[in-house]
Amino acid sequence: MTPVTPLLGFVLALALMIPGADPDPEGYWLTEDENAVLRIQLCDEGICGSLYWMEEGDDLVDQENRDRSLRDRPLCGLQILGGFEQDEDDPAEWRDGEVYAPDDGRTWSARVRVTGPDELDLRGYRGISLLGRTQTWTRVDPDDYPACEAAGGSTGRSTVNVLP
């Protein structure tokens with residue numbers, strides 16, 4: 001054994017013991033079907049997310065909302081993710097949140113897991129997570145997607161599909 005071998009082993013062991021940065025969900029995320037970008041940020045309750053860009057245009061309204069009084073509100077800028085709290089044992093996981101799906105007007109229980117520096121999984125479900133659906137979102141540069149602008153009065157139907 002050369003004198004360098006123990007030193008190399010020590011350096012490798014030390015490198016493995018240094019913790020990496022917590023996975024960061026903050027940023028801009030393109031949905032799996034590439035028809036919307038959400039801005040995820042830290043909020044009072046944990047993380048939340050709002051519609052930042054939509055493929056269909058700037059003036060879509062929440063036409064499918066179960067509450068008829070909200071059907072004219074613009075989708076642009078609407079917070080559709082909220083209530084997520086970071087898992088104490090797994091900093092890549094955010095639990096106990098909700099996601100609003102504008103395409104059908106329903107709100108689903110949800111969790112978010114950052115699976116890489118530019119990838120996260122959003123799982124929406126009813127009741128138990130086992131019976132849900134997962135979408136993989138990709139981190140994007142907001143300069144590549146023009147921010148939508150809220151404009152009321154449109155009768156455009158949303159096809160923004162964030163979950164089932």
# chains A, B, ... in the order shown; residues from 1 in each chain; ligands from 1

$ residues_around --residues "stretch 135-151 of chain A" --least-positions-apart "4" --cutoff "6 Å" --atoms "only C-alpha atoms" --output "list in words"
Tyr28, Trp29, Leu30, Thr31, Glu32, Tyr52, Trp53, Asp58, Asp59, Pro74, Cys76, Asp118, Glu119, Leu120, Asp121 and Leu122 of chain A

$ closest_residue --among "A:Gly124, A:Asp44, A:Ile80, A:Ala36" --to "A:Asp62" --atoms "only C-alpha atoms"
A:Ile80

$ closest_residue --among "A:Arg73, A:Glu55, A:Phe84, A:Ile47" --to "A:Glu34" --atoms "only C-alpha atoms"
A:Glu55

$ closest_atom_pairs --of "stretch 75-112 of chain A" --to "stretch 23-27 of chain A" --cutoff "12 Å" --atoms "only C-alpha atoms" --output "CSV"
residue,atom,partner,partner_atom,distance
A:Phe84,CA,A:Pro25,CA,11.1
A:Glu85,CA,A:Pro25,CA,11.8
A:Gln86,CA,A:Pro25,CA,10.4
A:Asp87,CA,A:Pro23,CA,11.9
A:Asp90,CA,A:Pro23,CA,9.7
A:Pro91,CA,A:Pro23,CA,6.7
A:Ala92,CA,A:Pro23,CA,5.3
A:Glu93,CA,A:Pro23,CA,8.8
A:Trp94,CA,A:Pro25,CA,9.1
A:Arg111,CA,A:Pro25,CA,11.9
A:Val112,CA,A:Pro25,CA,8.5
